[in-house]
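K.L.:
Can you keep this structure in mind? I'll have questions shortly.
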Amino acid sequence: MKRLVQLIIIIGLYASGSSLASVVLQQEATAEKTASLYESQNTQRYGNWLFGGGFSQYSFSAVDPHYQLTQGDNLLIQVWGAIDYQAEVTVDPQGNIFIPKVGPIKVLGVTNAKLNQVIFNSVKRVYKSNVEVYASLMSSQQVKVFLSGMVNQPGLYQGQSADSVLRFIDQAGGIREDIGSYRNIQLKRNNKTLKQIDLYDFLQLGTIPSLQFQDGDVIFVGPKQGEITIEGNVGFSGQYELATNSTLKDILNAVVVDEQATHVTVIAAEPISTTVSKLKSSAQENIGNRPVNAKQYTLDQAQYIKVPPGALVKVSSQLRPNSISIDLMGEHNSAQEMVLPWGASLADLLAHTQFTSLSNQDAVQLYRHSVAKRQYDMLQASLSALEQNVLTKRSDTTEAAELRQAEAETILKWIEKARQVKPKGQVLLANKNEFNQIILQQGDRIVIPAKRNLVMIHGEVMFPTAIAYNPKWDIEAFINKAGGTNTDLDDMNILVMKPNGSFVSANDLLSEEEIIGPGDEIFVISKPDEKGFQLAKDITQIIFQITMSAAVVLAI
């Protein structure tokens with residue numbers, strides 16, 4: 001039986017037997033009502049980015065024309081002509097202001113837009129002619145408002161009566177992420193609820209109720225209502241809080257569905273109901289009062305679905321692509337981008353490639369995004385493990401502690417640089433005869449290298465350079481032509497990268513002429529001093545990871 005071609009991902013080849021090899025993967029808690037049905041790794045809440053101090057910094061010193069005057073507001077009044085008067089006045093507890101020789105003027109409840117006219121009419125009742133008036137609201141009343149319920153820092157907070165509810169909640173540290181609601185917020189006065197507030201309206205529509213606060217008002221943030229989990233082809237993935245009349249369509253509009261999405265799957269521990277008596281689809285049979293575990297609907301049906309709290313909603317694309325686009329780079333006379341039928345193999349692509357006399361067909365290279373991501377994740381895990389070892393290493397004596405501190409500073413700086421390395425995502429092609437087994441993916445990049453009669457030298461040599469290939473030279477001869485190593489050759493690790501991207505460890509083969517060939521690259525990597533670094537072995541393994549996945553030498 002013909003064996004399958006091996007896709008060798010070059011990473012972690014030298015990481016066996018080390019603490020760096022074990023990576024603990026943790027999953028987040030599941031949605032409360034469907035914990036027995038599924039697990040979710042995304043615990044971000046819709047709207048959790050709202051409160052970060054952006055509202056608490058500034059207060060309204062001027063107000064909109066619809067603002068209604070109340071006790072404590074400060075006004076600037078100017079009257080000239082038959083009477084000369086200018087003063088800053090405060091609306092008294094009865095809702096009046098007082099102008100000498102005119103008397104009290106009722107302004108309570110007057111809108112800012114009509115303030116000037118109301119005062120002018122009052123002055124004209126005393127002075128029939130030759131009088132002008134200018135009135136302006138300087139600042140709204142300073143009020144103290146209670147923040148209660150599911151906020152991070154309940155208490156009494158000060159602001160302007162015209163301030164938004166967002167500012168007061170922000171002053172209280174925002175809404176508690178574990179139990180606070182973004183949709184169940186109430187403004188209470190004298191123990192009566194004046195206004196119900198839904199902050200999702202502000203997030204989704206940019207609307208917020210116009211409120212005027214008074215001393216002693218209470219902003220009560222209630223416990224969060226039922227939540228669902230959203231994931232898949234959407235702009236936001238995580239927890240979404242439901243309102244009483246939320247339909248699946250409302251939810252999907254809020255989380256921004258990807259243009260390629262076609263279907264939505266609902267996984268719930270209780271029945272899924274609809275807002276109409278019947279859905280004209282095959283999905284209808286399990287909708288209604290009968291319990292379901294999972295059902296799939298088209299996006300057009302979403303407007304009829306009411307999702308129960310605790311459900312998992314997965315948005316997906318059921319469109320099967322008919323073709324894929326592959327980038328074809330390097331030495332060839334074909335198009336730089338080739339469109340192939342879905343399911344095409346690497347052999348299919350190469351069969352349509354026009355090679356040149358310089359094309360190195362024995363060293364075809366394949367680069368894949370998913371491999372690069374996996375290499376990056378593995379590298380980050382190794383670096384995190386090394387960093388943890390550095391930070392938790394104990395010393396028996398004061399002298400040893402001082403040495404470990406100096407070592408830690410050096411290693412941590414190196415780790416910071418290593419985190420910036422981006423692996424290439426190369427997949428090694430083990431057997432040219434089995435390219436028909438390698439199914440191409442959208443986004444793959446194929447490189448046809450040119451035949452080269454050069455040998456590249458990288459790393460810890462005096463002059464990293466390219467040298468013309470000489471079949472009579474061994475690896476050590478090429479290194480000497482590059483000026484030799486920066487320290488003793490015995491203190492180096494030598495890797496040879498072949499034109500197809502595979503690596504050969506050459507520490508014991510320096511005098512073997514047949515090891516090196518045209519187009520090869522020699523990597524000279526210094527070995528961390530095992531006496532100077534307690535974690536030299538771990539560091540060496542990561543240096544190998546970086547070299548093999550990114551083809552760069554990052555010495556410590």
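Letters for chains follow the order of the structure tokens (A, B, ...), residue numbers begin at 1 for each chain, and ligand numbers begin at 1 in the order shown.
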Got a sec: who's within 12 Å of Ala351 (chain A), counting only C-alpha atoms, leaving out chain neighbours fewer than 5 positions off, as a ChimeraX atom specification?
P.N.:
/A:334,338,340,344-346,361,435-436
K.L.:
Return as a PyMOL selection string the full set of residues in region 55-110 of chain A whose backbone-based DSSP assignment is strand (DSSP E).
P.N.:
chain A and resi 74-81+85-90+96-99+103-106
K.L.:
Residues of the last selection are to be written out with N, CA and C atoms, as a short mmCIF file (atom, residue, chain, number, x, y, z; two decimals), in the first residue's frame.
P.N.:
data_model
loop_
_atom_site.label_atom_id
_atom_site.label_comp_id
_atom_site.auth_asym_id
_atom_site.auth_seq_id
_atom_site.Cartn_x
_atom_site.Cartn_y
_atom_site.Cartn_z
N ASN A 74 -27.01 77.66 37.21
CA ASN A 74 -26.44 79.01 37.23
C ASN A 74 -26.68 79.71 35.90
N LEU A 75 -27.24 80.94 35.96
CA LEU A 75 -27.57 81.71 34.77
C LEU A 75 -26.80 83.02 34.77
N LEU A 76 -26.48 83.50 33.56
CA LEU A 76 -25.93 84.84 33.39
C LEU A 76 -27.05 85.72 32.82
N ILE A 77 -27.42 86.79 33.54
CA ILE A 77 -28.50 87.68 33.14
C ILE A 77 -27.93 89.07 32.88
N GLN A 78 -28.22 89.62 31.71
CA GLN A 78 -27.83 90.99 31.38
C GLN A 78 -29.05 91.74 30.84
N VAL A 79 -29.34 92.89 31.45
CA VAL A 79 -30.47 93.73 31.02
C VAL A 79 -29.93 95.16 30.83
N TRP A 80 -30.26 95.78 29.73
CA TRP A 80 -29.80 97.14 29.49
C TRP A 80 -30.90 97.96 28.79
N GLY A 81 -30.69 99.27 28.83
CA GLY A 81 -31.69 100.20 28.28
C GLY A 81 -32.36 100.93 29.43
N TYR A 85 -28.67 96.09 34.39
CA TYR A 85 -28.48 95.03 35.39
C TYR A 85 -27.66 93.90 34.76
N GLN A 86 -26.67 93.41 35.50
CA GLN A 86 -25.88 92.26 35.06
C GLN A 86 -25.48 91.46 36.29
N ALA A 87 -25.73 90.14 36.26
CA ALA A 87 -25.40 89.30 37.42
C ALA A 87 -25.46 87.83 37.04
N GLU A 88 -24.73 87.03 37.85
CA GLU A 88 -24.86 85.58 37.79
C GLU A 88 -25.84 85.16 38.87
N VAL A 89 -26.89 84.47 38.50
CA VAL A 89 -27.92 84.10 39.46
C VAL A 89 -28.11 82.60 39.45
N THR A 90 -28.63 82.08 40.55
CA THR A 90 -28.88 80.65 40.70
C THR A 90 -30.37 80.42 40.85
N ASN A 96 -37.24 79.80 40.87
CA ASN A 96 -37.26 81.19 40.41
C ASN A 96 -35.87 81.79 40.38
N ILE A 97 -35.75 82.87 39.61
CA ILE A 97 -34.61 83.78 39.74
C ILE A 97 -35.18 85.16 40.06
N PHE A 98 -34.35 86.04 40.60
CA PHE A 98 -34.86 87.37 41.01
C PHE A 98 -34.04 88.45 40.31
N ILE A 99 -34.77 89.40 39.65
CA ILE A 99 -34.15 90.57 39.04
C ILE A 99 -34.69 91.81 39.73
N GLY A 103 -38.62 91.60 39.88
CA GLY A 103 -39.19 90.62 40.77
C GLY A 103 -38.82 89.20 40.38
N PRO A 104 -39.44 88.20 41.03
CA PRO A 104 -39.12 86.81 40.74
C PRO A 104 -39.66 86.38 39.37
N ILE A 105 -38.87 85.54 38.71
CA ILE A 105 -39.27 85.01 37.40
C ILE A 105 -39.18 83.49 37.46
N LYS A 106 -40.26 82.82 37.13
CA LYS A 106 -40.31 81.36 37.17
C LYS A 106 -39.60 80.79 35.94
#
K.L.:
With distances taken over only C-alpha atoms, which of A:Arg183, A:Lys188, A:Lys481, A:His332 is nearest to Gly47 (chain A)?
P.N.:
A:Arg183
K.L.:
Which residues are near Tyr182 (chain A)? Cut-off 10 Å, only C-alpha atoms, ignore same chain within fewer than 2 positions. Put them as a VMD selection string.
P.N.:
chain A and resid 45 to 48 50 150 175 to 177 180 184 to 185 197 to 201 221 to 225 240 to 242
K.L.:
If we count only C-alpha atoms and set the cut-off at 6 Å, which residues sit around Trp342 (chain A), ignoring sequence neighbours fewer than 2 positions away in its own chain? Please answer as a list in words.
P.N.:
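Surrounding residues, per the criterion: Asn322, Ser323, Ile324 and Ala344 of chain A.
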K.L.:
Just how far from CA of Gly501 (chain A) is CA of Lys432 (chain A), in Å to one decimal?
P.N.:
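Going from CA of Lys432 (chain A) over to CA of Gly501 (chain A), I get 13.7 Å.
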K.L.:
For Asp215 (chain A), find every residue with an atom within 8 Å (counting only C-alpha atoms), except residues of its own chain fewer than 3 positions away, and show them as a ChimeraX atom specification.
P.N.:
/A:143-145
K.L.:
Quick one: of A:Leu108, A:Leu509, A:Met497, A:Leu379, who's nearest to Ile457 (chain A), counting only C-alpha atoms?
P.N.:
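Nearest candidate to Ile457 (chain A) out of A:Leu108, A:Leu509, A:Met497, A:Leu379: A:Met497.
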K.L.:
For region 124-131 of chain A, work out the shell of residues within 10 Å, counting only C-alpha atoms and skipping chain neighbours fewer than 2 positions away, then give it as a ChimeraX atom specification.
P.N.:
/A:79-84,101-103,119-122,133
K.L.:
Go through region 299-392 of chain A and collect every residue that DSSP, computed from the backbone, puts in alpha helix (DSSP H); the answer should be as number ranges by chain.
P.N.:
A: 346-351, 369-392
K.L.:
Write to file, as a compact mmCIF listing (two decimals), in the first residue's frame, the residues of the selection just made, with C-alpha atoms.
P.N.:
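Contents of again00.txt, as written:
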# COMPACT_ATOMS: atom_id res chain seq x y z
CA LEU A 346 0.37 20.03 -5.50
CA ALA A 347 1.00 17.64 -8.41
CA ASP A 348 -1.88 19.27 -10.32
CA LEU A 349 -0.34 22.70 -9.87
CA LEU A 350 3.14 21.61 -10.89
CA ALA A 351 1.70 19.89 -13.97
CA HIS A 369 -0.74 30.05 7.06
CA SER A 370 -2.07 27.42 9.48
CA VAL A 371 1.43 25.94 9.86
CA ALA A 372 2.93 29.38 10.51
CA LYS A 373 0.31 30.02 13.19
CA ARG A 374 1.00 26.67 14.83
CA GLN A 375 4.74 27.30 14.76
CA TYR A 376 4.17 30.74 16.28
CA ASP A 377 1.93 29.34 19.04
CA MET A 378 4.46 26.63 19.90
CA LEU A 379 7.29 29.16 20.01
CA GLN A 380 5.30 31.47 22.29
CA ALA A 381 4.48 28.55 24.59
CA SER A 382 8.16 27.59 24.80
CA LEU A 383 9.16 31.19 25.52
CA SER A 384 6.48 31.51 28.21
CA ALA A 385 7.72 28.32 29.88
CA LEU A 386 11.29 29.60 29.77
CA GLU A 387 10.23 32.96 31.16
CA GLN A 388 8.37 31.22 34.00
CA ASN A 389 11.48 29.18 34.83
CA VAL A 390 13.62 32.31 34.86
CA LEU A 391 11.26 34.21 37.16
CA THR A 392 10.76 31.33 39.62
K.L.:
Using only C-alpha atoms, which of A:Gln71, A:Asn480, A:Gln541, A:Ser139 sits nearest Pro93 (chain A)?
P.N.:
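Of A:Gln71, A:Asn480, A:Gln541, A:Ser139, the one nearest Pro93 (chain A) is A:Gln71, counting only C-alpha atoms.
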K.L.:
Do you know which residues are at most 10 Å from Asp490 (chain A) counting only C-alpha atoms, after dropping those on the same chain fewer than 2 positions away, and could you put them as number ranges by chain?
P.N.:
A: 485, 487-488, 492-494, 507, 526-527
K.L.:
If you keep N, CA and C atoms, can you produce a file of those selected residues as a PDB file, in the first residue's frame?
P.N.:
ATOM      1  N   THR A 485      34.526  31.290  12.798  1.00  0.00           N
ATOM      2  CA  THR A 485      33.524  31.573  13.818  1.00  0.00           C
ATOM      3  C   THR A 485      34.032  32.617  14.802  1.00  0.00           C
ATOM      4  N   THR A 487      33.863  32.499  18.015  1.00  0.00           N
ATOM      5  CA  THR A 487      34.567  31.790  19.091  1.00  0.00           C
ATOM      6  C   THR A 487      34.963  30.428  18.554  1.00  0.00           C
ATOM      7  N   ASP A 488      35.433  29.556  19.442  1.00  0.00           N
ATOM      8  CA  ASP A 488      35.889  28.231  19.013  1.00  0.00           C
ATOM      9  C   ASP A 488      34.771  27.467  18.314  1.00  0.00           C
ATOM     10  N   MET A 492      30.056  25.701  18.891  1.00  0.00           N
ATOM     11  CA  MET A 492      28.981  26.080  17.984  1.00  0.00           C
ATOM     12  C   MET A 492      28.109  24.868  17.633  1.00  0.00           C
ATOM     13  N   ASN A 493      26.851  25.141  17.337  1.00  0.00           N
ATOM     14  CA  ASN A 493      25.967  24.166  16.728  1.00  0.00           C
ATOM     15  C   ASN A 493      25.861  24.521  15.242  1.00  0.00           C
ATOM     16  N   ILE A 494      26.053  23.549  14.377  1.00  0.00           N
ATOM     17  CA  ILE A 494      26.053  23.785  12.937  1.00  0.00           C
ATOM     18  C   ILE A 494      24.842  23.088  12.330  1.00  0.00           C
ATOM     19  N   ASN A 507      27.063  18.895  13.288  1.00  0.00           N
ATOM     20  CA  ASN A 507      28.131  19.044  14.289  1.00  0.00           C
ATOM     21  C   ASN A 507      29.213  17.974  14.136  1.00  0.00           C
ATOM     22  N   SER A 526      25.800  29.769  18.180  1.00  0.00           N
ATOM     23  CA  SER A 526      26.620  29.625  19.389  1.00  0.00           C
ATOM     24  C   SER A 526      25.839  28.896  20.469  1.00  0.00           C
ATOM     25  N   LYS A 527      26.538  28.084  21.238  1.00  0.00           N
ATOM     26  CA  LYS A 527      25.925  27.365  22.348  1.00  0.00           C
ATOM     27  C   LYS A 527      25.979  28.239  23.592  1.00  0.00           C
TER      28      LYS A 527
END
K.L.:
Which is closer to Leu187 (chain A) than all the others in A:Ile515, A:Val315, A:Val218, A:Val255, using only C-alpha atoms?
P.N.:
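So, comparing all the options, the nearest one is A:Val218.
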K.L.:
What is the distance between CA of Phe213 (chain A) and CA of Trp49 (chain A), in Å to one decimal?
P.N.:
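Interatomic distance here is 25.1 Å.
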K.L.:
Please report the interatomic distance between CA of Lys249 (chain A) and CA of Thr262 (chain A) in Å with one decimal.
P.N.:
12.9 Å
K.L.:
Hey, which of A:Val504, A:Ala268, A:Ala311, A:Ile326 ends up closest to Pro341 (chain A)? Count only C-alpha atoms.
P.N.:
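Smallest distance to Pro341 (chain A) is found for A:Ile326.
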